[in-house]
Amino acid sequence: MEGKENEAGYPVHSHDVVIVGAGITGLRAAIETVDQGLNTAVISKVHPLRSHSVAAQGGINAALGNAVASDSWEAHAFDTVRGSDYLADQDAVEILCKNAPEAVIELEHFGTVFSRLPDGRIAQRPFGGGMFPRTCYAADRTGHNILHSLYEQLVGRQRKESENCENRKPSKLSFYEEFFVTSLVKSGESLSEKGSKKEERCVGCTALNIADGNLHGFTCHSLLLATGGFGRLFDRSTNALINTGDGASLALRAGVPLKDMEFVQFHPTTLYGTNILITEGARGEGGYLLNNRNERFMERYAPASMELAPRDIVARAIQQEIEESRGFEGGYVLLDLRHLKEERITERLPGIRLICLNFAGIDPVKSPIPVQPGQHYSMGGISVGNSLETELPGLYAAGECACISVHGANRLGGNSLLETVVFGKLAGQEIGKAFLASGYDRKEAKKAALESLHRENERIKTLLARKSGVKMHSLRDELRKTMFEYFGVFREGKKMEKGLEKLLQLKNRFSDVYINNKSREFNYALIYALELEGLFDIGEAVARGAIARKESRGSHSRVDYPQRDDNNFLHHTLYRLKKGNPVLESLPVRIRKFPVKERVY
């Protein structure tokens, strides 16, 4: 009985597909599954248009050749592999880059309003790590435009279906907004009659309706995690408050490994004081980075690429300038756009100008912007193959919460929006193929969902019943400070060991967390506490992976092991829980077209 309470008192909703997350990845996947006729549910803890995809500024990469005719998907792939410090799986990179031009044109047909060249073609600008200007953009609000276009497409499909259906049949698309997913549901966990364990399968999830505090069950043939990154694990981050790694922690607790979690990208230019993102497009348009001596210091670190070196190189350069007293008091350098003049800034970077005016009282037309590195992106995530399916049948992951891996040790700017669109679409296609190929036991799925709902209800009741102990927000703040201090831009073995010890001490204190708000309706303190529990798991995965990787590669920079070590560490790190204990494994990098070389910029 879809959506109705059963004898256990919990509503259980049955769909063909459940998509958790309503950013660009989730919405693009939903377009695909709905168009294939699959009954699709999209669950999001915020309204879809508040998803963090809306904050993506600079652009989306595609070798259209509009700016430079000689650009190609092969050149794009090489830039991506080189930018990854050769840790990207090259067959996955080929899928990404080959599909890029078609993906951008499709977005244009969906209604995305890109900036234009004088002849009407989509404009492209240079981004860090690229040999060609191949980043398509909508001023500096590219993610905003794409997200709105995809949401409009889905709402249009929903409306059209409603107008055409007879006898008011249920829509094939349902949005569950402001629902927080608390666990994944697995079936096949019981022993068969012969005593052997059936194959486990993901058959749904449980979720808390934030509005009234009631738990709901969801059953499905396939579930896609598209929940974004975990930036709020760190003290200084460009990420929205909702980016708490929910999908990765859900998968980890369900027995699925995480991959390459030690590779965390620190964006070089975040606004000093607030850490709001200042897009790489500002440097792509010709912005200069200056230290307190008024030097364009990137000449010392990447003389050929200067400000358009890959993000990991620029972030380390800025941090080094600060640590060697060539930054400004408080810990920042300057991003100077004044020479671009008001007309160009207003046309190409209007959002950045507004951010600077509203949050720093600075007009970049007249004054340089104070910037510092801040956590921005997670290259690591849920381990998936090229079909986007995890080790757990029925469970898929795509977007920033997943690691396929196309970014390796460092992501190039403009490739994240591309990943969401290309692999969101591919995930929807693969889910459709799987649905046609096999069925699942709906009764068994509902039974498993009810068992999970009972467990989750007891977990939440226990948390709400606690009347004293550790305050949730203080523990959360300590975690963020610990991660940025011990696992930031520069890392060192002994310091990280101390950081892990502190992290585990904080994690142990979570069992004493209490919250003052005991109601169930719109209890965001409860949501924050549930998010925090997952963040501790994510933090431990980052920490253990970083300690184990005794080399410097991409965003992972160790002062005690400053060189890249291809003999011992040209592999992915897998992190999983076995009987509750963390286990590290390795997985070979898939090398294809581009042999491993020194990374020079």
# chains A, B, ... in the order shown; residues from 1 in each chain; ligands from 1

call {"tool": "select_by_dssp", "arguments": {"residues": "region 59-139 of chain A", "states": "alpha helix (DSSP H)", "output": "PyMOL selection string"}}
result
chain A and resi 73-83+90-98+100-110

call {"tool": "closest_residue", "arguments": {"among": "A:Thr279, A:Gln124, A:Ser383, A:Thr112", "to": "Leu574 (chain A)", "atoms": "only C-alpha atoms"}}
result
A:Ser383

call {"tool": "atom_distance", "arguments": {"atom1": "CA of Pro101 (chain A)", "atom2": "CA of Ala62 (chain A)"}}
result
5.1 Å

call {"tool": "closest_residue", "arguments": {"among": "A:Glu285, A:Met306, A:Pro393, A:Val596", "to": "Ser438 (chain A)", "atoms": "only C-alpha atoms"}}
result
A:Pro393

call {"tool": "atom_distance", "arguments": {"atom1": "CA of Ser552 (chain A)", "atom2": "CA of Glu324 (chain A)"}}
result
20.4 Å

call {"tool": "closest_residue", "arguments": {"among": "A:Gly245, A:Gly204, A:Gly21, A:Gly128", "to": "Leu530 (chain A)", "atoms": "only C-alpha atoms"}}
result
A:Gly245

call {"tool": "residues_around", "arguments": {"residues": "region 439-453 of chain A", "least_positions_apart": "2", "cutoff": "10 Å", "atoms": "only C-alpha atoms", "output": "ChimeraX atom specification"}}
result
/A:6,8-16,182-189,201-208,215-222,394,434-437,455-459

call {"tool": "closest_residue", "arguments": {"among": "A:Met472, A:Met261, A:Leu173, A:Val181", "to": "Leu38 (chain A)", "atoms": "only C-alpha atoms"}}
result
A:Leu173

call {"tool": "select_by_dssp", "arguments": {"residues": "region 12-55 of chain A", "states": "strand (DSSP E or B)", "output": "list in words"}}
result
Val12, His13, Ser14, Val17, Val18, Ile19, Val20, Thr40, Ala41, Val42, Ile43 and Ser44 of chain A

call {"tool": "residues_around", "arguments": {"residues": "Gln158 (chain A)", "least_positions_apart": "6", "cutoff": "10 Å", "atoms": "only C-alpha atoms", "output": "list in words"}}
result
Val34, Glu152, Ser171, Lys172, Leu173 and Ser174 of chain A

call {"tool": "residues_around", "arguments": {"residues": "Leu271 (chain A)", "least_positions_apart": "4", "cutoff": "6 Å", "atoms": "only C-alpha atoms", "output": "NGL selection string"}}
result
:A and (275-276 or 371)

call {"tool": "decode", "arguments": {"residues": "region 535-549 of chain A", "atoms": "N, CA, C and O atoms", "output": "PDB file, in the first residue's frame"}}
result
ATOM      1  N   LEU A 535      29.484  11.985   9.618  1.00  0.00           N
ATOM      2  CA  LEU A 535      30.722  12.723   9.372  1.00  0.00           C
ATOM      3  C   LEU A 535      31.913  12.105  10.106  1.00  0.00           C
ATOM      4  O   LEU A 535      33.041  12.138   9.605  1.00  0.00           O
ATOM      5  N   PHE A 536      31.679  11.549  11.281  1.00  0.00           N
ATOM      6  CA  PHE A 536      32.772  10.886  11.995  1.00  0.00           C
ATOM      7  C   PHE A 536      33.296   9.689  11.190  1.00  0.00           C
ATOM      8  O   PHE A 536      34.507   9.454  11.126  1.00  0.00           O
ATOM      9  N   ASP A 537      32.393   8.941  10.567  1.00  0.00           N
ATOM     10  CA  ASP A 537      32.824   7.819   9.734  1.00  0.00           C
ATOM     11  C   ASP A 537      33.636   8.305   8.539  1.00  0.00           C
ATOM     12  O   ASP A 537      34.669   7.717   8.185  1.00  0.00           O
ATOM     13  N   ILE A 538      33.160   9.385   7.914  1.00  0.00           N
ATOM     14  CA  ILE A 538      33.854   9.943   6.757  1.00  0.00           C
ATOM     15  C   ILE A 538      35.230  10.474   7.165  1.00  0.00           C
ATOM     16  O   ILE A 538      36.240  10.246   6.484  1.00  0.00           O
ATOM     17  N   GLY A 539      35.278  11.184   8.286  1.00  0.00           N
ATOM     18  CA  GLY A 539      36.549  11.741   8.758  1.00  0.00           C
ATOM     19  C   GLY A 539      37.583  10.664   9.019  1.00  0.00           C
ATOM     20  O   GLY A 539      38.769  10.830   8.686  1.00  0.00           O
ATOM     21  N   GLU A 540      37.157   9.549   9.594  1.00  0.00           N
ATOM     22  CA  GLU A 540      38.100   8.464   9.863  1.00  0.00           C
ATOM     23  C   GLU A 540      38.618   7.863   8.558  1.00  0.00           C
ATOM     24  O   GLU A 540      39.800   7.507   8.451  1.00  0.00           O
ATOM     25  N   ALA A 541      37.753   7.760   7.553  1.00  0.00           N
ATOM     26  CA  ALA A 541      38.184   7.236   6.248  1.00  0.00           C
ATOM     27  C   ALA A 541      39.229   8.149   5.614  1.00  0.00           C
ATOM     28  O   ALA A 541      40.242   7.684   5.075  1.00  0.00           O
ATOM     29  N   VAL A 542      39.005   9.463   5.681  1.00  0.00           N
ATOM     30  CA  VAL A 542      39.975  10.436   5.143  1.00  0.00           C
ATOM     31  C   VAL A 542      41.298  10.309   5.885  1.00  0.00           C
ATOM     32  O   VAL A 542      42.379  10.249   5.278  1.00  0.00           O
ATOM     33  N   ALA A 543      41.223  10.260   7.201  1.00  0.00           N
ATOM     34  CA  ALA A 543      42.431  10.244   8.027  1.00  0.00           C
ATOM     35  C   ALA A 543      43.259   8.984   7.798  1.00  0.00           C
ATOM     36  O   ALA A 543      44.479   9.051   7.594  1.00  0.00           O
ATOM     37  N   ARG A 544      42.621   7.834   7.824  1.00  0.00           N
ATOM     38  CA  ARG A 544      43.373   6.577   7.674  1.00  0.00           C
ATOM     39  C   ARG A 544      43.962   6.444   6.276  1.00  0.00           C
ATOM     40  O   ARG A 544      45.082   5.957   6.105  1.00  0.00           O
ATOM     41  N   GLY A 545      43.244   6.888   5.269  1.00  0.00           N
ATOM     42  CA  GLY A 545      43.778   6.846   3.912  1.00  0.00           C
ATOM     43  C   GLY A 545      44.970   7.771   3.744  1.00  0.00           C
ATOM     44  O   GLY A 545      45.963   7.418   3.092  1.00  0.00           O
ATOM     45  N   ALA A 546      44.892   8.963   4.358  1.00  0.00           N
ATOM     46  CA  ALA A 546      45.981   9.942   4.245  1.00  0.00           C
ATOM     47  C   ALA A 546      47.237   9.461   4.958  1.00  0.00           C
ATOM     48  O   ALA A 546      48.364   9.663   4.467  1.00  0.00           O
ATOM     49  N   ILE A 547      47.071   8.828   6.107  1.00  0.00           N
ATOM     50  CA  ILE A 547      48.228   8.314   6.855  1.00  0.00           C
ATOM     51  C   ILE A 547      48.899   7.177   6.095  1.00  0.00           C
ATOM     52  O   ILE A 547      50.136   7.077   6.042  1.00  0.00           O
ATOM     53  N   ALA A 548      48.088   6.323   5.484  1.00  0.00           N
ATOM     54  CA  ALA A 548      48.633   5.148   4.786  1.00  0.00           C
ATOM     55  C   ALA A 548      49.349   5.510   3.491  1.00  0.00           C
ATOM     56  O   ALA A 548      50.273   4.808   3.071  1.00  0.00           O
ATOM     57  N   ARG A 549      48.948   6.608   2.847  1.00  0.00           N
ATOM     58  CA  ARG A 549      49.546   6.976   1.550  1.00  0.00           C
ATOM     59  C   ARG A 549      50.799   7.797   1.801  1.00  0.00           C
ATOM     60  O   ARG A 549      50.750   9.018   1.962  1.00  0.00           O
TER      61      ARG A 549
END
